[in-house]
$ cat model.cif   # mmCIF, C-alpha atoms
data_upload
loop_
_atom_site.label_atom_id
_atom_site.label_comp_id
_atom_site.auth_asym_id
_atom_site.auth_seq_id
_atom_site.Cartn_x
_atom_site.Cartn_y
_atom_site.Cartn_z
CA GLN A 27 16.75 -11.93 14.80
CA GLY A 28 19.55 -9.87 16.31
CA ALA A 29 21.64 -12.89 17.35
CA VAL A 30 25.37 -12.62 16.61
CA LEU A 31 26.22 -14.94 13.71
CA VAL A 32 29.79 -13.92 12.90
CA ARG A 33 32.35 -11.86 14.79
CA PHE A 34 35.52 -10.66 13.07
CA ASP A 35 38.86 -9.91 14.71
CA CYS A 36 38.89 -6.11 14.43
CA ALA A 37 41.82 -5.17 16.63
CA GLU A 38 43.34 -3.13 13.79
CA GLN A 39 40.08 -1.23 13.13
CA ARG A 40 39.66 -0.49 16.85
CA ALA A 41 43.27 0.76 17.05
CA ARG A 42 42.69 3.05 14.04
CA LEU A 43 39.55 4.38 15.73
CA GLY A 44 41.62 5.11 18.85
CA ILE A 45 44.14 7.01 16.72
CA ALA A 46 41.34 9.01 15.09
CA LYS A 47 39.93 9.94 18.52
CA ALA A 48 43.36 11.11 19.68
CA GLU A 49 43.78 13.14 16.49
CA LEU A 50 40.41 14.78 17.11
CA VAL A 51 41.49 15.86 20.61
CA SER A 52 44.69 17.32 19.14
CA ALA A 53 42.83 19.09 16.30
CA GLU A 54 40.28 20.57 18.72
CA GLU A 55 43.09 21.88 20.96
CA GLN A 56 44.87 23.43 17.99
CA HIS A 57 41.64 25.00 16.76
CA ALA A 58 40.90 26.47 20.20
CA ALA A 59 44.48 27.83 20.42
CA LYS A 60 44.22 29.42 16.95
CA LYS A 61 40.93 31.08 17.93
CA ARG A 62 42.56 32.48 21.10
CA LEU A 63 45.50 33.73 19.08
CA GLN A 64 43.13 35.29 16.56
CA GLY A 65 41.48 37.18 19.44
CA LEU A 66 44.93 38.55 20.27
CA SER A 67 45.54 39.41 16.58
CA ALA A 68 48.32 36.81 16.49
CA ALA A 69 46.60 34.39 14.06
CA GLY A 70 44.78 35.03 10.82
CA GLU A 71 41.43 33.86 9.51
CA VAL A 72 43.08 31.29 7.23
CA GLU A 73 44.90 29.64 10.17
CA VAL A 74 41.65 29.38 12.14
CA SER A 75 39.82 27.98 9.09
CA LEU A 76 42.54 25.38 8.51
CA ALA A 77 42.39 24.34 12.17
CA ALA A 78 38.58 24.00 11.89
CA ALA A 79 39.02 21.87 8.76
CA ALA A 80 41.43 19.62 10.68
CA VAL A 81 38.74 19.13 13.34
CA ALA A 82 36.17 18.23 10.66
CA ARG A 83 38.63 15.79 9.05
CA ALA A 84 39.34 14.13 12.41
CA ARG A 85 35.58 13.78 13.10
CA ALA A 86 35.13 12.19 9.67
CA GLN A 87 37.92 9.72 10.48
CA ILE A 88 36.07 8.79 13.67
CA ASP A 89 32.85 8.28 11.69
CA LEU A 90 34.74 6.03 9.28
CA GLY A 91 36.31 4.08 12.16
CA ASN A 92 32.93 3.64 13.85
CA ALA A 93 31.45 2.34 10.58
CA GLN A 94 34.30 -0.15 10.19
CA VAL A 95 34.04 -1.37 13.78
CA ALA A 96 30.25 -1.75 13.39
CA GLN A 97 30.92 -4.23 10.57
CA CYS A 98 32.98 -6.44 12.87
CA THR A 99 29.84 -8.20 14.07
CA VAL A 100 27.21 -9.72 11.77
CA VAL A 101 23.80 -10.18 13.36
CA ALA A 102 20.84 -12.16 12.04
CA PRO A 103 18.52 -9.82 10.09
CA PHE A 104 15.48 -12.04 10.78
CA ASP A 105 14.44 -15.17 12.67
CA GLY A 106 15.64 -18.31 10.96
CA ARG A 107 18.21 -21.06 10.78
CA ILE A 108 21.65 -21.21 9.22
CA SER A 109 21.40 -23.51 6.23
CA ARG A 110 24.98 -23.28 4.98
CA LEU A 111 28.34 -21.93 6.14
CA HIS A 112 30.56 -20.62 3.36
CA VAL A 113 33.52 -19.83 5.64
CA ARG A 114 35.22 -21.39 8.64
CA GLU A 115 36.75 -20.02 11.83
CA PHE A 116 40.01 -18.09 11.28
CA GLN A 117 39.48 -18.02 7.50
CA GLY A 118 40.12 -14.70 5.79
CA VAL A 119 37.30 -13.30 3.69
CA SER A 120 37.03 -10.63 1.01
CA ILE A 121 34.50 -7.82 0.94
CA GLY A 122 31.25 -9.03 -0.60
CA GLU A 123 32.08 -12.72 -0.11
CA PRO A 124 29.10 -14.70 1.24
CA LEU A 125 29.57 -15.90 4.80
CA LEU A 126 26.48 -18.01 5.35
CA ASP A 127 22.95 -18.68 4.13
CA ILE A 128 19.97 -18.15 6.41
CA VAL A 129 16.54 -19.67 5.90
CA SER A 130 13.67 -17.70 7.42
CA SER A 131 11.70 -19.46 10.11
CA GLY A 132 8.52 -17.82 8.83
CA PRO A 133 5.97 -19.51 6.59
CA LEU A 134 7.54 -21.64 3.88
CA ARG A 135 7.18 -20.37 0.34
CA VAL A 136 6.55 -22.43 -2.76
CA ARG A 137 7.77 -21.41 -6.22
CA LEU A 138 6.24 -23.03 -9.25
CA ASN A 139 5.37 -22.54 -12.89
CA ALA A 140 1.78 -22.89 -14.04
CA PRO A 141 0.29 -22.87 -17.54
CA SER A 142 -0.29 -19.28 -18.62
CA HIS A 143 -3.85 -20.05 -19.77
CA TRP A 144 -4.73 -20.46 -16.06
CA LEU A 145 -4.48 -16.68 -15.73
CA GLY A 146 -8.18 -16.55 -16.62
CA TRP A 147 -9.08 -17.93 -13.19
CA LEU A 148 -5.88 -17.94 -11.11
CA ARG A 149 -5.72 -15.15 -8.50
CA ARG A 150 -3.82 -14.28 -5.34
CA GLY A 151 -5.49 -16.22 -2.56
CA THR A 152 -6.26 -19.24 -4.76
CA ARG A 153 -5.87 -22.38 -2.67
CA PHE A 154 -3.94 -25.42 -3.82
CA GLU A 155 -2.06 -28.41 -2.42
CA VAL A 156 1.60 -29.31 -2.68
CA HIS A 157 2.75 -32.92 -2.68
CA ILE A 158 6.30 -32.96 -1.29
CA ASP A 159 8.44 -35.81 -2.64
CA GLU A 160 10.67 -36.04 0.45
CA THR A 161 7.77 -36.52 2.88
CA GLY A 162 5.26 -38.21 0.59
CA ARG A 163 2.50 -35.95 1.98
CA ARG A 164 0.28 -33.15 0.69
CA TYR A 165 0.21 -29.74 2.33
CA PRO A 166 -2.29 -26.88 1.93
CA ALA A 167 -0.99 -23.69 0.30
CA THR A 168 -2.26 -20.38 -1.05
CA VAL A 169 -1.08 -18.34 -4.06
CA SER A 170 0.64 -15.24 -2.65
CA ALA A 171 2.12 -13.70 -5.82
CA ILE A 172 1.81 -14.04 -9.59
CA ASN A 173 4.71 -12.96 -11.77
CA ALA A 174 4.01 -10.06 -14.11
CA ARG A 175 5.42 -11.83 -17.17
CA VAL A 176 4.59 -14.99 -19.11
CA ASP A 177 7.54 -17.04 -20.34
CA PRO A 178 6.95 -17.02 -24.11
CA ALA A 179 8.92 -20.21 -24.78
CA SER A 180 7.16 -22.43 -22.24
CA GLN A 181 3.87 -20.47 -22.04
CA THR A 182 4.04 -20.60 -18.24
CA ILE A 183 3.68 -18.06 -15.47
CA GLU A 184 5.76 -18.16 -12.29
CA LEU A 185 3.77 -18.26 -9.06
CA GLU A 186 4.69 -17.98 -5.42
CA GLY A 187 2.62 -19.59 -2.71
CA ARG A 188 2.76 -19.98 1.03
CA ILE A 189 2.29 -23.18 2.98
CA SER A 190 -0.77 -22.43 5.10
CA GLU A 191 0.44 -23.95 8.37
CA ASP A 192 3.67 -24.79 10.20
CA PHE A 193 4.71 -28.36 9.46
CA PRO A 194 7.91 -29.32 11.34
CA GLY A 195 8.99 -31.93 8.77
CA LEU A 196 9.14 -29.43 5.90
CA LEU A 197 12.47 -27.87 5.00
CA ALA A 198 13.49 -25.25 2.47
CA GLY A 199 14.68 -26.78 -0.80
CA MET A 200 12.29 -29.73 -0.87
CA SER A 201 10.55 -30.43 -4.16
CA GLY A 202 7.25 -31.79 -5.36
CA ASN A 203 4.14 -31.11 -7.40
CA ALA A 204 1.35 -28.59 -7.00
CA TYR A 205 -2.31 -29.55 -7.42
CA PHE A 206 -4.96 -26.96 -8.33
CA VAL A 207 -8.64 -27.42 -8.87
CA ALA A 208 -9.71 -25.31 -11.84
CA PRO A 209 -13.14 -23.71 -11.44
CA THR A 210 -15.92 -25.18 -13.53
CA ARG A 211 -17.54 -22.92 -16.09
#

$ encode --input "model.cif" --output "structure tokens"
Amino acid sequence: QGAVLVRFDCAEQRARLGIAKAELVSAEEQHAAKKRLQGLSAAGEVEVSLAAAAVARARAQIDLGNAQVAQCTVVAPFDGRISRLHVREFQGVSIGEPLLDIVSSGPLRVRLNAPSHWLGWLRRGTRFEVHIDETGRRYPATVSAINARVDPASQTIELEGRISEDFPGLLAGMSGNAYFVAPTR
């Protein structure tokens, strides 16, 4: 978390920020001069107001420039690993275009569909096991969320679970089967 993942070449944005800062200095000087002239009855209220508006506009340009420069560096929002790069060095990108995928280094989650008639006994905290095809092993897991809607076509409910421990061989995207023990009545 907080590590720099991508850094853009923002020389143009930094130059525009420099221009905005210079324009603010100029606008502040003009505003101060208009106020002095107003004190000598040589400038009117409208001139002073327009000079104040120019200062506000220059400050807004600096805020915009700071926001643009802040976007020149992309930092990791959480601990994890990069699972896929969508762009390469020196490649141009458009606004909103994905740059990379990050997989959290926290507990692995399991998504699965279970028969909806299990809702009579299935609860958050229910323990189960997951057999992962890629490793050939079973891992303990716990139901962490139950979807609020049953799929009417398949009569299933989507569940989310968490693998109970850290197992180094497990990776996001692996597949397998979940095993539950239904309570006896």

$ closest_residue --input "model.cif" --among "A:Gln64, A:Ser75, A:Asn92, A:Thr152" --to "Lys47 of chain A" --atoms "all atoms listed in the file"
A:Asn92

$ resolve_selection --input "model.cif" --expression "the PyMOL selection byres ((chain A and resi 137) around 6)" --output "ChimeraX atom specification"
/A:136,138,185-186

$ write_last_selection --input "model.cif" --atoms "C-alpha atoms" --output "PDB file, in the frame of the given file"
ATOM      1  CA  VAL A 136       6.550 -22.430  -2.760  1.00  0.00           C
ATOM      2  CA  LEU A 138       6.240 -23.030  -9.250  1.00  0.00           C
ATOM      3  CA  LEU A 185       3.770 -18.260  -9.060  1.00  0.00           C
ATOM      4  CA  GLU A 186       4.690 -17.980  -5.420  1.00  0.00           C
TER       5      GLU A 186
END

$ atom_distance --input "model.cif" --atom1 "atom CA of Leu125 of chain A" --atom2 "atom CA of Val32 of chain A"
8.3 Å

$ closest_residue --input "model.cif" --among "A:Ala82, A:Ala59, A:Leu145, A:Leu134" --to "Arg175 of chain A" --atoms "all atoms listed in the file"
A:Leu145

$ closest_residue --input "model.cif" --among "A:Gln87, A:Gln94, A:Gln181, A:Thr168" --to "Pro133 of chain A" --atoms "all atoms listed in the file"
A:Thr168

$ closest_residue --input "model.cif" --among "A:Leu126, A:Leu50, A:Ala204, A:Val176" --to "Ala84 of chain A" --atoms "only C-alpha atoms"
A:Leu50

$ residues_around --input "model.cif" --residues "segment 103-118 of chain A" --least-positions-apart "2" --cutoff "6 Å" --atoms "only C-alpha atoms" --output "list in words"
Gln27, Leu125, Leu126, Asp127, Ile128, Val129, Ser130 and Ser131 of chain A

$ residues_around --input "model.cif" --residues "Arg83 of chain A" --least-positions-apart "3" --cutoff "12 Å" --atoms "only C-alpha atoms" --output "mmCIF file with C-alpha atoms, in the frame of the given file"
data_model
loop_
_atom_site.group_PDB
_atom_site.id
_atom_site.type_symbol
_atom_site.label_atom_id
_atom_site.label_comp_id
_atom_site.auth_asym_id
_atom_site.auth_seq_id
_atom_site.Cartn_x
_atom_site.Cartn_y
_atom_site.Cartn_z
ATOM 1 C CA ALA A 46 41.340 9.010 15.090
ATOM 2 C CA LYS A 47 39.930 9.940 18.520
ATOM 3 C CA GLU A 49 43.780 13.140 16.490
ATOM 4 C CA LEU A 50 40.410 14.780 17.110
ATOM 5 C CA VAL A 51 41.490 15.860 20.610
ATOM 6 C CA SER A 52 44.690 17.320 19.140
ATOM 7 C CA ALA A 53 42.830 19.090 16.300
ATOM 8 C CA GLU A 54 40.280 20.570 18.720
ATOM 9 C CA LEU A 76 42.540 25.380 8.510
ATOM 10 C CA ALA A 77 42.390 24.340 12.170
ATOM 11 C CA ALA A 78 38.580 24.000 11.890
ATOM 12 C CA ALA A 79 39.020 21.870 8.760
ATOM 13 C CA ALA A 80 41.430 19.620 10.680
ATOM 14 C CA ALA A 86 35.130 12.190 9.670
ATOM 15 C CA GLN A 87 37.920 9.720 10.480
ATOM 16 C CA ILE A 88 36.070 8.790 13.670
ATOM 17 C CA ASP A 89 32.850 8.280 11.690
ATOM 18 C CA LEU A 90 34.740 6.030 9.280
#

$ closest_residue --input "model.cif" --among "A:Ser120, A:Thr182, A:Ala171, A:Thr161" --to "Pro194 of chain A" --atoms "only C-alpha atoms"
A:Thr161

$ atom_distance --input "model.cif" --atom1 "atom CA of Ile189 of chain A" --atom2 "atom CA of Pro141 of chain A"
20.6 Å

$ residues_near_point --input "model.cif" --point "(21.2, -15.4, 18.1)" --cutoff "9 Å" --atoms "only C-alpha atoms" --output "NGL selection string"
:A and (27-31 or 101-102 or 105)

$ write_last_selection --input "model.cif" --atoms "C-alpha atoms" --output "CSV table (one decimal), in the frame of the given file"
chain,number,residue,atom,x,y,z
A,27,GLN,CA,16.8,-11.9,14.8
A,28,GLY,CA,19.6,-9.9,16.3
A,29,ALA,CA,21.6,-12.9,17.4
A,30,VAL,CA,25.4,-12.6,16.6
A,31,LEU,CA,26.2,-14.9,13.7
A,101,VAL,CA,23.8,-10.2,13.4
A,102,ALA,CA,20.8,-12.2,12.0
A,105,ASP,CA,14.4,-15.2,12.7

$ resolve_selection --input "model.cif" --expression "the PyMOL selection byres ((chain A and resi 98) around 12)" --output "NGL selection string"
:A and (30-40 or 91-97 or 99-101)

$ atom_distance --input "model.cif" --atom1 "atom CA of Met200 of chain A" --atom2 "atom CA of Ile158 of chain A"
6.8 Å

$ resolve_selection --input "model.cif" --expression "the PyMOL selection byres ((chain A and resi 172) around 8)" --output "MDAnalysis selection string"
chainID A and resid 149:150 169:171 173:174 183:186

$ closest_residue --input "model.cif" --among "A:Ser142, A:Thr210, A:Arg62, A:Glu160" --to "Gly195 of chain A" --atoms "all atoms listed in the file"
A:Glu160
